[in-house]
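Data file: query_1.csv. Format and content: CSV, C-alpha atoms.
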chain,number,residue,atom,x,y,z
A,1,MET,CA,125.0,88.6,67.0
A,2,ALA,CA,128.2,90.4,67.6
A,3,ARG,CA,129.0,90.5,63.9
A,4,GLU,CA,125.6,92.0,63.2
A,5,ASN,CA,126.2,94.8,65.8
A,6,VAL,CA,129.7,95.5,64.3
A,7,GLY,CA,128.2,95.6,60.8
A,8,ARG,CA,125.4,98.0,61.9
A,9,ARG,CA,128.0,100.3,63.6
A,10,PHE,CA,130.1,100.2,60.5
A,11,GLU,CA,127.2,101.2,58.3
A,12,TYR,CA,126.2,104.0,60.7
A,13,GLU,CA,129.8,105.4,60.7
A,14,LYS,CA,129.9,105.2,56.9
A,15,PHE,CA,126.5,106.7,56.2
A,16,GLY,CA,125.9,108.7,59.4
A,17,PRO,CA,127.1,112.1,58.0
A,18,LEU,CA,125.1,111.6,54.8
A,19,ILE,CA,121.9,110.8,56.8
A,20,ALA,CA,122.5,113.9,58.9
A,21,LEU,CA,122.9,116.0,55.8
A,22,ALA,CA,119.7,114.6,54.3
A,23,ILE,CA,117.7,115.4,57.4
A,24,LEU,CA,119.1,118.9,57.6
A,25,PHE,CA,118.3,119.4,53.9
A,26,VAL,CA,114.7,118.4,54.4
A,27,ILE,CA,114.3,120.6,57.5
A,28,SER,CA,115.8,123.6,55.7
A,29,ALA,CA,113.5,123.1,52.7
A,30,PHE,CA,110.5,123.3,55.1
A,31,ALA,CA,111.9,126.1,57.1
A,32,SER,CA,112.3,128.5,54.2
A,33,PRO,CA,110.6,128.6,50.8
A,34,TYR,CA,113.8,130.2,49.3
A,35,PHE,CA,116.1,127.4,50.3
A,36,LEU,CA,115.5,125.1,47.3
A,37,GLN,CA,116.0,127.9,44.7
A,38,THR,CA,118.7,126.9,42.3
A,39,GLN,CA,120.7,130.1,42.9
A,40,ASN,CA,120.6,129.7,46.6
A,41,LEU,CA,121.9,126.1,46.4
A,42,LEU,CA,124.7,127.3,44.0
A,43,ASN,CA,125.5,130.1,46.4
A,44,ILE,CA,125.8,127.5,49.3
A,45,LEU,CA,128.2,125.4,47.2
A,46,ARG,CA,130.2,128.4,46.2
A,47,GLN,CA,130.6,129.6,49.8
A,48,VAL,CA,131.7,126.2,51.1
A,49,SER,CA,134.1,125.5,48.2
A,50,TYR,CA,136.8,127.8,49.6
A,51,THR,CA,136.9,126.2,53.1
A,52,GLY,CA,136.0,122.8,51.6
A,53,ILE,CA,139.0,122.7,49.4
A,54,ILE,CA,141.2,123.4,52.4
A,55,ALA,CA,139.3,120.7,54.4
A,56,LEU,CA,140.4,118.1,51.8
A,57,GLY,CA,144.0,118.7,52.7
A,58,MET,CA,143.1,119.0,56.4
A,59,THR,CA,141.7,115.5,56.2
A,60,PHE,CA,145.1,114.1,55.3
A,61,VAL,CA,146.7,116.0,58.1
A,62,ILE,CA,144.2,114.8,60.7
A,63,ILE,CA,144.3,111.2,59.5
A,64,SER,CA,148.1,111.3,60.0
A,65,GLY,CA,147.5,112.3,63.6
A,66,GLY,CA,148.2,116.0,63.2
A,67,ILE,CA,146.4,119.3,62.8
A,68,ASP,CA,147.0,122.6,61.1
A,69,LEU,CA,145.8,125.8,62.7
A,70,SER,CA,147.6,128.1,60.3
A,71,VAL,CA,145.5,127.6,57.2
A,72,GLY,CA,143.4,130.7,57.7
A,73,SER,CA,146.4,133.0,58.0
A,74,MET,CA,148.0,131.1,55.2
A,75,VAL,CA,145.1,132.0,52.9
A,76,ALA,CA,145.7,135.7,53.5
A,77,LEU,CA,149.4,135.5,52.9
A,78,VAL,CA,149.2,133.3,49.8
A,79,GLY,CA,146.4,135.4,48.4
A,80,GLY,CA,148.4,138.6,48.9
A,81,VAL,CA,151.5,137.1,47.3
A,82,VAL,CA,149.4,135.9,44.3
A,83,ILE,CA,148.0,139.3,43.7
A,84,LEU,CA,151.4,141.0,44.0
A,85,ALA,CA,152.8,138.4,41.5
A,86,LEU,CA,149.8,138.9,39.2
A,87,ASN,CA,150.2,142.7,39.2
A,88,TRP,CA,153.9,142.3,38.4
A,89,LEU,CA,153.3,139.7,35.6
A,90,VAL,CA,150.5,141.9,34.1
A,91,GLY,CA,153.1,144.7,33.9
A,92,ILE,CA,155.5,142.4,32.1
A,93,PHE,CA,153.0,140.7,29.7
A,94,GLY,CA,150.7,143.7,29.1
A,95,ALA,CA,147.0,143.6,28.6
A,96,GLY,CA,147.3,141.0,25.8
A,97,GLY,CA,149.0,138.5,28.0
A,98,GLU,CA,146.8,138.7,31.1
A,99,ALA,CA,145.7,135.1,30.6
A,100,TRP,CA,149.3,133.9,30.9
A,101,ALA,CA,149.9,136.2,33.9
A,102,ILE,CA,146.9,134.7,35.7
A,103,LEU,CA,148.1,131.2,34.9
A,104,LEU,CA,151.6,131.9,36.3
A,105,ALA,CA,150.1,133.6,39.3
A,106,LEU,CA,148.1,130.5,40.0
A,107,LEU,CA,151.3,128.4,39.8
A,108,VAL,CA,152.9,130.9,42.2
A,109,GLY,CA,150.1,130.5,44.7
A,110,LEU,CA,150.2,126.7,44.6
A,111,LEU,CA,154.0,126.6,45.0
A,112,PHE,CA,154.0,129.2,47.7
A,113,GLY,CA,151.2,127.4,49.6
A,114,ALA,CA,153.1,124.1,49.2
A,115,GLY,CA,156.2,125.8,50.6
A,116,LEU,CA,154.4,127.1,53.7
A,117,GLY,CA,152.8,123.7,54.2
A,118,ALA,CA,156.3,122.2,53.9
A,119,LEU,CA,157.5,124.6,56.6
A,120,ASN,CA,154.9,123.3,59.0
A,121,GLY,CA,155.7,119.7,58.0
A,122,LEU,CA,159.4,120.2,58.7
A,123,MET,CA,158.7,121.6,62.2
A,124,VAL,CA,156.4,118.7,63.1
A,125,THR,CA,158.6,115.9,61.7
A,126,LEU,CA,162.2,117.1,61.9
A,127,GLY,CA,161.7,119.6,64.7
A,128,LYS,CA,159.6,117.2,66.7
A,129,ILE,CA,157.3,120.1,67.7
A,130,ALA,CA,153.7,119.2,68.5
A,131,PRO,CA,151.5,120.0,65.5
A,132,PHE,CA,149.2,122.2,67.6
A,133,ILE,CA,152.1,124.3,68.9
A,134,ALA,CA,153.9,124.5,65.5
A,135,THR,CA,150.9,125.5,63.5
A,136,LEU,CA,149.7,127.9,66.2
A,137,GLY,CA,153.0,129.7,65.9
A,138,THR,CA,152.9,129.8,62.1
A,139,MET,CA,149.3,131.0,62.3
A,140,ALA,CA,150.6,134.2,64.0
A,141,ILE,CA,153.7,134.4,61.7
A,142,PHE,CA,151.7,134.1,58.5
A,143,ARG,CA,149.1,136.7,59.6
A,144,SER,CA,151.8,139.0,60.7
A,145,MET,CA,153.6,138.7,57.4
A,146,ALA,CA,150.4,139.4,55.5
A,147,LEU,CA,149.8,142.5,57.6
A,148,TYR,CA,153.3,143.7,57.1
A,149,ILE,CA,153.5,143.1,53.3
A,150,GLY,CA,150.0,144.6,52.8
A,151,SER,CA,150.5,147.5,55.3
A,152,ALA,CA,147.5,146.1,57.2
A,153,GLY,CA,145.3,146.9,54.2
A,154,VAL,CA,144.0,145.2,51.1
A,155,PHE,CA,146.0,143.7,48.3
A,156,ARG,CA,144.2,144.8,45.1
A,157,SER,CA,144.6,143.2,41.7
A,158,GLN,CA,145.1,145.4,38.6
A,159,SER,CA,143.9,142.6,36.2
A,160,ARG,CA,140.5,142.9,34.6
A,161,LEU,CA,140.3,139.2,33.7
A,162,PHE,CA,141.2,137.9,37.2
A,163,PRO,CA,137.6,138.2,38.6
A,164,ASP,CA,136.4,136.0,35.7
A,165,LEU,CA,138.3,133.1,37.3
A,166,GLY,CA,136.6,133.5,40.6
A,167,MET,CA,133.1,134.5,39.4
A,168,GLY,CA,132.9,132.5,36.3
A,169,SER,CA,131.1,129.2,35.8
A,170,ILE,CA,130.9,126.2,33.4
A,171,LEU,CA,127.5,124.9,32.6
A,172,GLY,CA,126.1,127.0,35.4
A,173,ILE,CA,128.4,125.5,38.0
A,174,PRO,CA,130.8,128.1,39.6
A,175,ASN,CA,134.5,127.5,39.0
A,176,PRO,CA,135.4,127.1,42.7
A,177,VAL,CA,132.8,124.4,43.0
A,178,ILE,CA,134.2,122.5,40.0
A,179,VAL,CA,137.7,122.7,41.5
A,180,PHE,CA,136.4,121.6,44.9
A,181,ILE,CA,134.7,118.5,43.4
A,182,SER,CA,137.7,117.7,41.1
A,183,LEU,CA,140.1,117.9,44.0
A,184,ALA,CA,137.8,115.8,46.2
A,185,VAL,CA,137.9,113.0,43.5
A,186,VAL,CA,141.7,113.2,43.3
A,187,PHE,CA,142.2,113.2,47.1
A,188,ALA,CA,139.7,110.3,47.4
A,189,ILE,CA,141.6,108.2,44.9
A,190,ILE,CA,144.9,109.0,46.7
A,191,LEU,CA,143.5,108.0,50.1
A,192,ASN,CA,141.6,104.9,49.0
A,193,LYS,CA,143.5,103.5,46.0
A,194,THR,CA,147.2,104.3,46.6
A,195,ARG,CA,150.0,103.1,48.8
A,196,TYR,CA,150.4,106.6,50.3
A,197,GLY,CA,146.8,106.5,51.4
A,198,ARG,CA,147.4,103.2,53.2
A,199,TYR,CA,150.6,104.5,54.8
A,200,LEU,CA,148.8,107.7,55.9
A,201,CYS,CA,146.2,105.6,57.8
A,202,ALA,CA,148.8,103.4,59.3
A,203,VAL,CA,150.9,106.3,60.5
A,204,GLY,CA,147.9,107.9,62.1
A,205,SER,CA,146.7,104.7,63.7
A,206,ASN,CA,150.0,103.7,65.2
A,207,PRO,CA,153.3,105.4,64.2
A,208,LYS,CA,155.5,102.9,66.0
A,209,VAL,CA,154.0,99.9,64.3
A,210,ALA,CA,154.1,101.8,61.0
A,211,LYS,CA,157.8,102.5,61.5
A,212,TYR,CA,158.5,98.8,62.2
A,213,SER,CA,156.6,98.0,59.0
A,214,ALA,CA,159.3,100.0,57.0
A,215,ILE,CA,156.9,103.0,56.4
A,216,LYS,CA,158.7,106.4,56.3
A,217,VAL,CA,156.6,108.0,59.1
A,218,ASN,CA,158.1,111.5,58.9
A,219,LEU,CA,157.9,111.6,55.1
A,220,THR,CA,154.3,110.5,55.2
A,221,ARG,CA,153.3,113.2,57.7
A,222,PHE,CA,155.4,115.8,55.9
A,223,MET,CA,153.5,115.2,52.6
A,224,SER,CA,150.2,115.6,54.4
A,225,TYR,CA,151.2,119.2,55.4
A,226,VAL,CA,152.4,119.9,51.8
A,227,ALA,CA,149.0,118.7,50.6
A,228,VAL,CA,147.1,121.1,52.8
A,229,GLY,CA,149.4,123.9,51.7
A,230,ILE,CA,148.5,123.1,48.1
A,231,THR,CA,144.8,123.2,48.8
A,232,VAL,CA,145.3,126.5,50.6
A,233,GLY,CA,146.9,127.8,47.4
A,234,PHE,CA,143.9,126.8,45.3
A,235,SER,CA,141.5,128.4,47.8
A,236,ALA,CA,143.5,131.6,48.1
A,237,VAL,CA,143.6,132.0,44.3
A,238,PHE,CA,139.9,131.6,43.8
A,239,LEU,CA,139.0,133.7,46.8
A,240,SER,CA,141.2,136.6,45.8
A,241,ALA,CA,139.9,136.2,42.2
A,242,ARG,CA,136.3,136.4,43.3
A,243,LEU,CA,137.0,139.7,45.2
A,244,ASN,CA,139.8,140.8,42.9
A,245,SER,CA,141.5,141.6,46.2
A,246,MET,CA,142.7,140.0,49.4
A,247,SER,CA,142.4,141.6,52.9
A,248,SER,CA,145.5,141.1,55.0
A,249,THR,CA,143.3,141.5,58.2
A,250,ASN,CA,140.2,139.5,57.4
A,251,GLY,CA,141.3,137.2,54.6
A,252,GLY,CA,140.9,133.6,55.5
A,253,LEU,CA,139.7,134.5,59.0
A,254,ASN,CA,138.4,131.4,60.9
A,255,TYR,CA,139.0,129.2,57.9
A,256,GLU,CA,140.8,126.8,60.1
A,257,LEU,CA,137.7,126.4,62.2
A,258,ASP,CA,135.5,125.7,59.2
A,259,ALA,CA,138.0,123.2,57.7
A,260,ILE,CA,138.5,121.3,60.9
A,261,ALA,CA,134.8,121.3,61.6
A,262,ALA,CA,134.0,119.9,58.1
A,263,VAL,CA,136.5,117.1,58.6
A,264,ILE,CA,135.1,116.1,62.1
A,265,ILE,CA,131.5,116.3,61.0
A,266,GLY,CA,132.4,114.1,58.1
A,267,GLY,CA,133.4,111.4,60.5
A,268,THR,CA,137.2,111.6,60.6
A,269,PRO,CA,138.3,111.1,64.2
A,270,MET,CA,140.7,113.6,65.7
A,271,THR,CA,142.8,110.7,66.9
A,272,GLY,CA,143.7,109.9,63.3
A,273,GLY,CA,144.1,106.6,61.6
A,274,SER,CA,141.1,106.7,59.4
A,275,GLY,CA,139.0,109.1,57.5
A,276,SER,CA,136.8,109.8,54.4
A,277,ILE,CA,137.1,112.5,51.7
A,278,LEU,CA,133.4,112.0,50.9
A,279,GLY,CA,132.6,112.5,54.6
A,280,THR,CA,134.6,115.8,54.5
A,281,VAL,CA,132.7,117.0,51.5
A,282,ILE,CA,129.4,116.2,53.2
A,283,GLY,CA,130.7,118.0,56.4
A,284,ALA,CA,131.5,121.1,54.4
A,285,ILE,CA,128.1,121.2,52.7
A,286,THR,CA,126.4,120.6,56.1
A,287,LEU,CA,128.2,123.6,57.5
A,288,GLY,CA,127.2,125.7,54.5
A,289,ILE,CA,123.5,124.7,54.9
A,290,ILE,CA,123.6,125.6,58.6
A,291,ASN,CA,125.1,129.0,57.8
A,292,ASN,CA,122.6,129.6,55.0
A,293,MET,CA,119.6,128.7,57.2
A,294,LEU,CA,120.8,130.9,60.1
A,295,ASN,CA,121.0,133.8,57.6
A,296,MET,CA,117.6,133.1,56.2
A,297,LEU,CA,116.0,132.9,59.6
A,298,GLY,CA,117.6,136.2,60.6
A,299,VAL,CA,119.9,134.8,63.3
A,300,SER,CA,122.7,137.2,64.2
A,301,PRO,CA,125.9,136.5,62.4
A,302,TYR,CA,127.7,136.8,65.7
A,303,LEU,CA,126.0,133.7,66.9
A,304,GLN,CA,127.1,131.5,63.9
A,305,GLY,CA,130.4,130.8,65.6
A,306,THR,CA,128.5,129.5,68.6
A,307,VAL,CA,126.5,127.1,66.4
A,308,LYS,CA,129.7,125.9,64.7
A,309,GLY,CA,131.3,125.3,68.1
A,310,VAL,CA,128.4,123.3,69.3
A,311,VAL,CA,128.4,121.2,66.2
A,312,ILE,CA,132.1,120.4,66.5
A,313,ILE,CA,131.8,119.5,70.2
A,314,GLY,CA,128.7,117.3,69.4
A,315,ALA,CA,130.5,115.6,66.6
A,316,VAL,CA,133.5,114.8,68.8
A,317,LEU,CA,131.2,113.5,71.6
A,318,ILE,CA,129.4,111.2,69.1
A,319,GLN,CA,132.8,109.9,67.9
A,320,ARG,CA,133.9,109.1,71.5
A,321,LYS,CA,130.7,107.2,72.2
A,322,ARG,CA,131.2,105.2,69.0
A,323,ALA,CA,134.8,104.3,70.1
A,324,GLN,CA,133.5,103.2,73.5

Represent the structure from my file as C-alpha cells, please.
Amino acid sequence: MARENVGRRFEYEKFGPLIALAILFVISAFASPYFLQTQNLLNILRQVSYTGIIALGMTFVIISGGIDLSVGSMVALVGGVVILALNWLVGIFGAGGEAWAILLALLVGLLFGAGLGALNGLMVTLGKIAPFIATLGTMAIFRSMALYIGSAGVFRSQSRLFPDLGMGSILGIPNPVIVFISLAVVFAIILNKTRYGRYLCAVGSNPKVAKYSAIKVNLTRFMSYVAVGITVGFSAVFLSARLNSMSSTNGGLNYELDAIAAVIIGGTPMTGGSGSILGTVIGAITLGIINNMLNMLGVSPYLQGTVKGVVIIGAVLIQRKRAQ
C-alpha cells in the first residue's frame, strides 16, 4: 500500500505541471476564440522564449541550492555590450561583412554573459557569500553599469541585418523559439545523462555528503552560474536583435521573476537537489499562456505581476505539502 502511494506521488510530481498546463490550455481555448489561432500560439512561444532560455540556466542554479537575482539586469548589460560590439564590427567589416559582424557579436554576448555568471559563481563559492545577497548586489551593479554605459538611454544597432536574427523564422517557427527548444534538449541531456548532472543534484541535496563523495562542490556550483550566464547571453542577443536596440532602463526588467517562476512552476524545489528541464519549459509556457489570457480578457497589465506572485506562492505551497 505504501509503495502504491509513493508511486502515485511520484507520478503526480512528474506529470503535475503538464496536467496543469493542459487544463489551462483548455480553459484558455474556451475563454477566447482567438487563443487557438496559429499566430497567437507562435506569439506566446516567442514571448516566453526570452525568459525561458534564462530559466534553463536558472534550473541548474536552483538545483545546486542557489539562486540568481541578477539575470534581468544582466540582460540589459549584455545586450548593450552586444550592440556596441556589433556597431564597432560593422564599421570594420563594412556592409558586405555584416553577417560576420553579427556572428562575432553573438560570440561576444555569450562570452560576456558567461563572464558575468562566473563573477556571481566566484562570489558564491570562493567568497562564501549567500547566493541571494551576492546576486542581489550584482543585480544593482549590472543595471547601474548598463545605465552608465548607455547614458540611461537606448543602445541602438546600426546593422540592417541584425533584426532578421530576432524576427526571422525557420519553417514558420521563430528563431528564438528554435534556440529555446534546442537549448532545452542540450540542458536536459546534461542534467539527466551526464556525470555533471548527477553531481549537480547531489550538491543541491546535501553538499557535505557530496564533498565526502569526492565531488568538487564549489566547481559544480560555479559552473551552474556560468551556465545561466550563457543563457542570458543567448536571450540578450535575440531580444536586442528583435528590437534592434536594448534599453538600459527597461531591458530585461523583471526577467529574474519570470525565470524563477518558470522553474518553480515546473516542479523544481527551491531547496535544490532535484529538478526537470521539461518541467521548466512547461512552466515558462504556462506563464506565457497566463499573460496572454490576461491581455485578451482586458486585465490591466499592472495586475499581471500580482498574478505571477500568486502563482509562485501557490507553487511553493504545493511543493511544501508534497514534501510533508

In Å, with one decimal, what is the gap from CA of Thr306 (chain A) to CA of Pro174 (chain A)?
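Computing the Euclidean distance for CA of Thr306 (chain A) and CA of Pro174 (chain A) yields 29.1 Å.
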
Using all atoms listed in the file, which of A:Ala99, A:Ile92, A:Val48, A:Ile62 sits nearest Pro163 (chain A)?
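The closest residue to Pro163 (chain A) is A:Ala99.
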
Pick out the residues sitting within 10 Å of Gly267 (chain A), and hand them over as a compact mmCIF listing (two decimals) with C-alpha atoms, keeping the file's coordinate frame; count only C-alpha atoms, and ignore anything fewer than 6 positions along from it in its own chain.
# COMPACT_ATOMS: atom_id res chain seq x y z
CA GLU A 13 129.80 105.40 60.70
CA LYS A 14 129.90 105.20 56.90
CA PHE A 15 126.50 106.70 56.20
CA GLY A 16 125.90 108.70 59.40
CA PRO A 17 127.10 112.10 58.00
CA SER A 274 141.10 106.70 59.40
CA GLY A 275 139.00 109.10 57.50
CA SER A 276 136.80 109.80 54.40
CA ILE A 277 137.10 112.50 51.70
CA LEU A 278 133.40 112.00 50.90
CA GLY A 279 132.60 112.50 54.60
CA THR A 280 134.60 115.80 54.50
CA ILE A 282 129.40 116.20 53.20
CA GLY A 283 130.70 118.00 56.40
CA ALA A 315 130.50 115.60 66.60
CA VAL A 316 133.50 114.80 68.80
CA ILE A 318 129.40 111.20 69.10
CA GLN A 319 132.80 109.90 67.90

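Residue nearest Ala227 (chain A) within the list A:Tyr199, A:Phe60, A:Tyr302, A:Trp88: A:Phe60 [criterion: smallest interatomic distance, all atoms listed in the file].
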
Excluding Pro207 (chain A) and any residue of its chain fewer than 6 positions from it, enumerate the residues within 9 Å of it, using all atoms listed in the file, and give them as a PyMOL selection string.
chain A and resi 64+215+217

Find, counting all atoms listed in the file, the residue in A:Thr59, A:Gln304, A:Gln39, A:Asn175 that gets nearest to Leu239 (chain A).
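Result for the nearest residue to Leu239 (chain A): A:Asn175.
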
Across A:Lys308, A:Arg46, A:Arg221, A:Lys216, the smallest distance to Val179 (chain A), with all atoms listed in the file counted, is shown by A:Arg46
